[in-house]
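See structure below.
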Amino acid sequence: MKKLTLAALGVAGAMIASTAMADGHGNSTLAQVKEKGFVQCGVSQGLPGFSNADVSGNWTGLDVDLCRGVAAAVFGDANAVKFTPLSAKQRFTALASGEIDILSRNTTWTMTRDTQLGLNFAGVNYYDGQGMMVPKALGVSSALELDGANICTNTGTTTELNITDFFRANGMSFNLVAFEKADEVVAAYDSGRCDVYTTDRSGLAAQRGKLTAPDSHMVLSEIISKEPLGPVVRQGDDQWFNIVRWTLNAMINAEELGITSENVNATEFNDVSPSVARLVGKEGNFGEELGLDNKWAYNIIRQVGNYAESYDANVTPLGLARGVNALWSDGGILYAAPIR
Amino acid sequence: MSNSPLPSLIYDARIRGYVFQVLILVLIGFGVWSLVDNTVTNLAERGKTVGFGFLTANAGFQISDTLGTWAIDYSVGESTYLDVYFIGIINTFLVAILGIVGATFLGFTIGIMRLSRNFIIRSFATVYIELLRNLPLLLQLFFWYFAVLRALPSKREKIDIIPDFIAVNITGLYLPAPVVQSGFIYSVIALGVAIVMTLIMKRWAEKRQLETGQPFPVFWTACGILLLLPLAIFAMTGSPLEWTFPEFKTDGPMLRRGFQSGSGMVLVPEMMAVWLALTLYTAAFIAEIVRAGILAINKGQTEASYSIGLKPGLTLRLVIIPQALRVIIPPLTSQYLNLTKNSSLAVAIAYPELVSVFAGTALNQVGKEIEMIFMMMMVYLTFSLATAAFMNWFNARVKLIER
């Protein structure tokens with residue numbers, strides 16, 4: 001009886017203590033991240049060019065660089081970041097529940113996701129569109145000839161909705177085979193289970209390398225949707241939202257101003273234009289307004305690079321030209337708000 | 001002895017019991033309340049609402065051709081998320097029930113095989129059990145899916161199992177599809193009547209054997225009744241069943257060649273792979289349960305039944321297994337429940353069962369995790385409780401009443 005009493009009191013104490021602790025921790029993501037000492041970044045399970053781990057576990061990619069940029073801005077160290085590979089199904093729940101701080105996983109910005117999931121999109125780091133890949137042996141040259149096809153794709157993505165809309169709008173029917181992981185989709189398409197593989201065009205270029213005979217497949221010319229891909233954060237935390245948004249803007253502005261990881265060092269000593277001075281923190285205290293160090297953008301550019309460097313290192317090897325992702329002054333639509 | 005109430009709270013065993021029970025209840029209630037309060041506060045902070053209104057919204061995505069989409073008559077743009085929920089349930093139950101039936105038959109067979117005196121049969125059963133029990137189910141699922149997929153011919157070729165009737169290629173197993181016409185209901189009623197007649201006959205035969213000692217061929221008579229009566233009614237009502245056969249085109253544009261959709265019935269390779277993997281995996285566990293049940297029966301029972309002239313086959317059927325069922329049925333229930341829950345792994349190979357279609361695609365679009373996961377948990381809970389209740393009733397019925 002005595003043991004039972006002690007046990008009951010222990011349970012009671014634990015419950016009361018846990019509810020007290022649950023209310024106690026700071027709500028701000030920046031405070032939690034600083035306390036942890038690193039940024040927890042949600043990425044894909046392996047998409048070359050955007051977030052991919054090599055054999056030693058080092059992550060590289062356009063989305064990875066954005067997270068490293070945020071870490072450089074917050075801590076001054078681009079390596080203060082840990083990566084969580086997430087499937088399309090898990091990603092939003094992981095972010096909403098607090099398991100990760102940023103979701104940088106080639107996620108399409110849509111109204112439903114922005115308004116209904118309790119999340120905010122902090123910007124677009126890649127403007128993409130959905131395309132389709134077919135074997136050359138199929139003999140089709142246009143997506144409008146695909147009536148009755150079997151189509152492989154990922155489950156839990158905008159891809160399923162877009163392909164359904166496209167086929168409905170054109171009065172065609174199809175069979176959908178939807179897998180959870182991208183590797184499974186590629187394996188099924190490769191084995192001949194379906195005639196068509198559909199996902200974002202950047203994904204098609206990235207996964208093409210995993211096919212047994214990449215040259216016997218072709219990407220159809222139709223782009224059937226708008227897919228603005230960008231980082232996502234939780235709703236209700238404006239300071240963290242600003243940090244992620246302005247990290248991306250800093251990288252794009254750096255490319256516009258011609259500042260790279262090589263020459264940003266020299267801006268310390270030389271005379272520079274006012275825009276550059278504001279960017280690298282020589283003038284103004286924009287960093288403090290964000291809750292960061294004034295050299296936040298300097299750290300990003302020095303340790304990660306500007307947008308062009310990140311793109312050239314990661315996405316250009318896939319064979320994807322800048323195209324619509326070039327700066328607005330170069331014929332694309334990449335346009336970042338000025339730092340002033 | 002003191003009259004004040006306070007010491008009696010602690011020293012009187014009965015009152016102490018009540019006090020502590022009330023205390024624990026209050027603490028549990030407090031724990032549940034704080035959990036709910038925490039959840040609601042966090043949801044409000046994120047700006048997410050709680051509610052089931054999304055169930056009437058249109059689901060804008062396509063689902064593979066399976067029993068569920070056929071039963072609910074799924075059409076994109078008109079069907080709602082509630083239809084998607086039901087499709088997931090039907091597909092899960094289909095694969096669960098088929099898996100349970102298959103695994104039981106196979107498991108019993110392998111379990112008895114392992115007790116055989118024949119060395120080859122015994123070794124085969126042992127290897128089967130040890131291999132399939134120790135490999136993770138997900139790996140086995142991938143193996144069957146991709147191994148089977150790669151072995152089958154491509155979409156524009158086929159292997160004929162029964163020419164013009166049954167054929168298979170990488171897009172599935174094609175069978176003739178029955179199209180029910182009016183008047184079919186009489187054959188179904190005839191089947192029901194036949195079942196009742198069989199049960200009556202069985203009871204009459206048992207009574208007769210108890211009184212006069214003469215055995216009656218119950219099994220064959222039952223087969224006869226169950227087969228002949230519905231067939232006779234079927235023929236008399238003019239054969240109200242049409243068959244559509246799978247159509248295979250070998251000419252025309254590349255994309256259109258192969259089996260034409262809408263002709264015949266197709267079992268997609270995803271469903272077959274899930275069924276195969278679940279059946280083989282669970283059968284290994286059931287085999288061990290059966291073996292344990294049979295070994296639990298005293299050897300004296302076998303010797304005694306041999307001594308009254310029963311052959312080994314009859315001994316097993318009439319003496320050993322009825323007693324062994326008492327030991328077998330409770331763990332067998334657990335295996336059935338495991339099989340049902342393991343069917344959720346089918347999301348890895350694109351079979352549209354409940355987890356794949358509701359917690360995968362639909363959840364990604366709607367975003368109301370708590371409501372949707374709760375709905376799914378209720379389904380699995382209901383099915384598991386129903387299975388367990390049925391098995392317990394069955395156990396109570398078949399167990400031997402000892403003196």
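Please note that chains go A, B, ... in the order of the structure tokens, that every chain numbers its residues from 1, and that ligands are numbered from 1 in the order shown.
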*Residue hits in chain B, query chain A, radius 6 Å, only C-alpha atoms, as an MDAnalysis selection string*: chainID B and resid 46:48 60:61 64 170 254 348:350 360:361 364 367
*If we count only C-alpha atoms, what is near Val127 (chain B) at a cut-off of 12 Å, once residues fewer than 4 positions away on the same chain are taken out, given as a ChimeraX atom specification?*
/B:110,113-114,120-123,131-134,284
When you look at Thr267 (chain A) with a cut-off of 9 Å (counting only C-alpha atoms), what residues show up, excluding the ones that are within fewer than 6 positions of it in the same chain? I need them as a PDB file with N, CA and C atoms, in the first residue's frame.
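And here is the file that came out, result.pdb:
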ATOM      1  N   ILE A 259      28.401  40.576 -56.047  1.00  0.00           N
ATOM      2  CA  ILE A 259      29.218  40.150 -54.895  1.00  0.00           C
ATOM      3  C   ILE A 259      29.197  38.636 -54.822  1.00  0.00           C
ATOM      4  N   VAL A 276      26.015  48.040 -51.832  1.00  0.00           N
ATOM      5  CA  VAL A 276      26.874  46.956 -51.345  1.00  0.00           C
ATOM      6  C   VAL A 276      27.179  47.156 -49.865  1.00  0.00           C
ATOM      7  N   ALA A 277      27.405  48.436 -49.499  1.00  0.00           N
ATOM      8  CA  ALA A 277      27.721  48.702 -48.093  1.00  0.00           C
ATOM      9  C   ALA A 277      26.579  48.266 -47.193  1.00  0.00           C
ATOM     10  N   VAL A 280      26.563  44.288 -47.006  1.00  0.00           N
ATOM     11  CA  VAL A 280      27.551  43.580 -46.178  1.00  0.00           C
ATOM     12  C   VAL A 280      27.621  44.123 -44.761  1.00  0.00           C
ATOM     13  N   LYS A 282      28.275  47.291 -43.697  1.00  0.00           N
ATOM     14  CA  LYS A 282      29.149  48.415 -43.383  1.00  0.00           C
ATOM     15  C   LYS A 282      28.321  49.642 -43.014  1.00  0.00           C
TER      16      LYS A 282
END
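The shell of residues at most 7 Å from Ala96 (chain B), with only C-alpha atoms counted and near chain neighbours (fewer than 2 positions) removed, consists of B:Thr92, B:Phe93, B:Leu94, B:Leu98, B:Gly99, B:Ile100, B:Leu339, B:Thr340, B:Ser343.
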*Extract, using only C-alpha atoms, all DNA, RNA and protein residues at most 6 Å from region 304-317 of chain A, discarding same-chain residues fewer than 4 positions from it, and format them as JSON, numbers by chain.*
{"A": [49, 61, 251, 252, 254, 255, 260, 261, 300]}
*Can you check which residues of region 73-165 of chain B DSSP gives as helix (DSSP H, G or I) on the backbone and send them as a PyMOL selection string?*
chain B and resi 81-114+119-134+137-151
Selection file, C-alpha atoms, as a PDB file, in the first residue's frame:
ATOM      1  CA  TYR B  81     -13.014  13.105 -49.499  1.00  0.00           C
ATOM      2  CA  LEU B  82     -15.580  10.986 -47.705  1.00  0.00           C
ATOM      3  CA  ASP B  83     -15.730   8.759 -50.806  1.00  0.00           C
ATOM      4  CA  VAL B  84     -11.953   8.582 -50.730  1.00  0.00           C
ATOM      5  CA  TYR B  85     -12.153   7.485 -47.098  1.00  0.00           C
ATOM      6  CA  PHE B  86     -14.576   4.693 -47.965  1.00  0.00           C
ATOM      7  CA  ILE B  87     -12.487   3.595 -50.938  1.00  0.00           C
ATOM      8  CA  GLY B  88      -9.488   3.306 -48.642  1.00  0.00           C
ATOM      9  CA  ILE B  89     -11.494   1.266 -46.156  1.00  0.00           C
ATOM     10  CA  ILE B  90     -12.828  -1.108 -48.835  1.00  0.00           C
ATOM     11  CA  ASN B  91      -9.380  -1.675 -50.338  1.00  0.00           C
ATOM     12  CA  THR B  92      -7.852  -2.275 -46.905  1.00  0.00           C
ATOM     13  CA  PHE B  93     -10.553  -4.724 -45.924  1.00  0.00           C
ATOM     14  CA  LEU B  94     -10.279  -6.540 -49.229  1.00  0.00           C
ATOM     15  CA  VAL B  95      -6.587  -7.157 -48.828  1.00  0.00           C
ATOM     16  CA  ALA B  96      -6.998  -7.918 -45.098  1.00  0.00           C
ATOM     17  CA  ILE B  97      -9.742 -10.515 -45.613  1.00  0.00           C
ATOM     18  CA  LEU B  98      -8.018 -12.168 -48.568  1.00  0.00           C
ATOM     19  CA  GLY B  99      -4.799 -12.165 -46.587  1.00  0.00           C
ATOM     20  CA  ILE B 100      -6.447 -13.707 -43.524  1.00  0.00           C
ATOM     21  CA  VAL B 101      -8.031 -16.486 -45.562  1.00  0.00           C
ATOM     22  CA  GLY B 102      -4.838 -17.222 -47.480  1.00  0.00           C
ATOM     23  CA  ALA B 103      -2.570 -17.028 -44.460  1.00  0.00           C
ATOM     24  CA  THR B 104      -4.814 -19.343 -42.412  1.00  0.00           C
ATOM     25  CA  PHE B 105      -4.901 -22.074 -45.036  1.00  0.00           C
ATOM     26  CA  LEU B 106      -1.216 -21.804 -45.804  1.00  0.00           C
ATOM     27  CA  GLY B 107      -0.253 -21.484 -42.143  1.00  0.00           C
ATOM     28  CA  PHE B 108      -2.171 -24.563 -41.080  1.00  0.00           C
ATOM     29  CA  THR B 109      -0.670 -26.549 -43.928  1.00  0.00           C
ATOM     30  CA  ILE B 110       2.896 -25.499 -43.190  1.00  0.00           C
ATOM     31  CA  GLY B 111       2.419 -26.022 -39.454  1.00  0.00           C
ATOM     32  CA  ILE B 112       1.240 -29.575 -39.952  1.00  0.00           C
ATOM     33  CA  MET B 113       3.975 -30.133 -42.520  1.00  0.00           C
ATOM     34  CA  ARG B 114       6.561 -29.245 -39.945  1.00  0.00           C
ATOM     35  CA  PHE B 119      12.366 -35.430 -43.698  1.00  0.00           C
ATOM     36  CA  ILE B 120      11.997 -33.421 -46.897  1.00  0.00           C
ATOM     37  CA  ILE B 121       8.578 -32.067 -46.048  1.00  0.00           C
ATOM     38  CA  ARG B 122       9.670 -31.190 -42.533  1.00  0.00           C
ATOM     39  CA  SER B 123      12.837 -29.416 -43.757  1.00  0.00           C
ATOM     40  CA  PHE B 124      10.961 -27.437 -46.357  1.00  0.00           C
ATOM     41  CA  ALA B 125       8.520 -26.202 -43.726  1.00  0.00           C
ATOM     42  CA  THR B 126      11.342 -25.327 -41.322  1.00  0.00           C
ATOM     43  CA  VAL B 127      13.256 -23.356 -43.929  1.00  0.00           C
ATOM     44  CA  TYR B 128      10.107 -21.543 -45.000  1.00  0.00           C
ATOM     45  CA  ILE B 129       9.225 -20.546 -41.454  1.00  0.00           C
ATOM     46  CA  GLU B 130      12.702 -19.436 -40.433  1.00  0.00           C
ATOM     47  CA  LEU B 131      13.267 -17.456 -43.610  1.00  0.00           C
ATOM     48  CA  LEU B 132       9.986 -15.601 -43.743  1.00  0.00           C
ATOM     49  CA  ARG B 133       9.713 -14.870 -40.057  1.00  0.00           C
ATOM     50  CA  ASN B 134      13.055 -13.160 -39.862  1.00  0.00           C
ATOM     51  CA  LEU B 137       7.813  -7.394 -44.137  1.00  0.00           C
ATOM     52  CA  LEU B 138       8.614  -4.222 -46.063  1.00  0.00           C
ATOM     53  CA  LEU B 139      11.585  -5.906 -47.717  1.00  0.00           C
ATOM     54  CA  GLN B 140       9.467  -8.895 -48.623  1.00  0.00           C
ATOM     55  CA  LEU B 141       6.844  -6.563 -50.070  1.00  0.00           C
ATOM     56  CA  PHE B 142       9.410  -4.801 -52.251  1.00  0.00           C
ATOM     57  CA  PHE B 143      10.868  -8.130 -53.297  1.00  0.00           C
ATOM     58  CA  TRP B 144       7.558  -9.548 -54.469  1.00  0.00           C
ATOM     59  CA  TYR B 145       6.517  -6.317 -56.149  1.00  0.00           C
ATOM     60  CA  PHE B 146       9.697  -5.643 -58.079  1.00  0.00           C
ATOM     61  CA  ALA B 147      10.644  -9.279 -58.626  1.00  0.00           C
ATOM     62  CA  VAL B 148       7.198 -10.091 -59.951  1.00  0.00           C
ATOM     63  CA  LEU B 149       7.032  -6.872 -61.963  1.00  0.00           C
ATOM     64  CA  ARG B 150      10.289  -7.509 -63.750  1.00  0.00           C
ATOM     65  CA  ALA B 151       9.335 -11.065 -64.547  1.00  0.00           C
TER      66      ALA B 151
END
*Å distance separating CA of Lys226 (chain A) from CA of Thr107 (chain A), one decimal place*: 12.0 Å
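Those residues that approach Ser329 (chain A) to within 12 Å, counting only C-alpha atoms, are Ile252, Asn253, Glu255, Glu256, Leu257, Val324, Asn325, Ala326, Leu327, Gly331, Gly332, Ile333, Leu334, Tyr335 and Ala336 of chain A; same-chain residues fewer than 2 positions away are not listed.
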Selection export as a compact mmCIF listing (two decimals), in the first residue's frame, atoms kept: N, CA and C atoms:
# COMPACT_ATOMS: atom_id res chain seq x y z
N ILE A 252 20.03 36.73 -53.57
CA ILE A 252 19.69 37.20 -54.91
C ILE A 252 20.24 38.61 -55.13
N ASN A 253 20.14 39.47 -54.11
CA ASN A 253 20.70 40.82 -54.23
C ASN A 253 22.21 40.77 -54.43
N GLU A 255 23.90 38.53 -56.04
CA GLU A 255 24.18 38.25 -57.43
C GLU A 255 23.98 39.51 -58.27
N GLU A 256 22.89 40.25 -57.96
CA GLU A 256 22.60 41.46 -58.72
C GLU A 256 23.73 42.47 -58.59
N LEU A 257 24.30 42.56 -57.38
CA LEU A 257 25.35 43.55 -57.15
C LEU A 257 26.73 43.02 -57.50
N VAL A 324 13.92 30.93 -66.79
CA VAL A 324 13.05 31.84 -66.07
C VAL A 324 13.62 32.17 -64.69
N ASN A 325 14.61 31.42 -64.25
CA ASN A 325 15.22 31.66 -62.95
C ASN A 325 16.40 32.62 -63.01
N ALA A 326 16.58 33.30 -64.15
CA ALA A 326 17.63 34.31 -64.21
C ALA A 326 17.12 35.57 -63.52
N LEU A 327 18.03 36.52 -63.27
CA LEU A 327 17.63 37.78 -62.67
C LEU A 327 16.69 38.52 -63.62
N GLY A 331 16.52 38.82 -68.10
CA GLY A 331 15.48 38.16 -68.86
C GLY A 331 14.67 37.14 -68.08
N GLY A 332 15.01 36.93 -66.79
CA GLY A 332 14.23 35.99 -65.97
C GLY A 332 13.28 36.75 -65.07
N ILE A 333 12.75 36.07 -64.06
CA ILE A 333 11.82 36.76 -63.17
C ILE A 333 12.29 36.77 -61.72
N LEU A 334 13.56 36.50 -61.48
CA LEU A 334 14.05 36.52 -60.11
C LEU A 334 14.27 37.97 -59.69
N TYR A 335 13.51 38.45 -58.70
CA TYR A 335 13.50 39.88 -58.34
C TYR A 335 13.40 39.94 -56.83
N ALA A 336 14.46 40.42 -56.17
CA ALA A 336 14.43 40.48 -54.72
C ALA A 336 14.25 41.92 -54.26
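Comparing B:Thr221, B:Thr49, B:Ser307, B:Ser239 by their smallest distance to Ala205 (chain B), the closest is B:Thr221 (using only C-alpha atoms).
The interatomic distance for the pair CA of Val74 (chain A) and CA of Trp296 (chain A) works out to 7.0 Å.
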Using DSSP secondary structure from the backbone, list all strand (DSSP E or B) positions within region 16-78 of chain A, as a short mmCIF file (atom, residue, chain, number, x, y, z; two decimals) with C-alpha atoms, in the first residue's frame.
data_model
loop_
_atom_site.label_atom_id
_atom_site.label_comp_id
_atom_site.auth_asym_id
_atom_site.auth_seq_id
_atom_site.Cartn_x
_atom_site.Cartn_y
_atom_site.Cartn_z
CA VAL A 39 19.03 25.03 -37.44
CA GLN A 40 16.93 21.91 -38.09
CA CYS A 41 16.27 21.84 -41.81
CA GLY A 42 13.72 19.56 -43.50
CA VAL A 43 14.89 18.37 -46.94
CA LEU A 47 16.87 14.85 -55.14
CA SER A 51 18.96 18.28 -51.59
CA ASN A 52 21.05 15.17 -51.91
CA ALA A 53 23.39 13.42 -49.53
CA TRP A 59 24.23 17.31 -48.07
CA THR A 60 24.42 19.54 -51.14
#
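From CA of Ala177 (chain B) back to CA of Ile225 (chain B), the distance works out to 25.8 Å.
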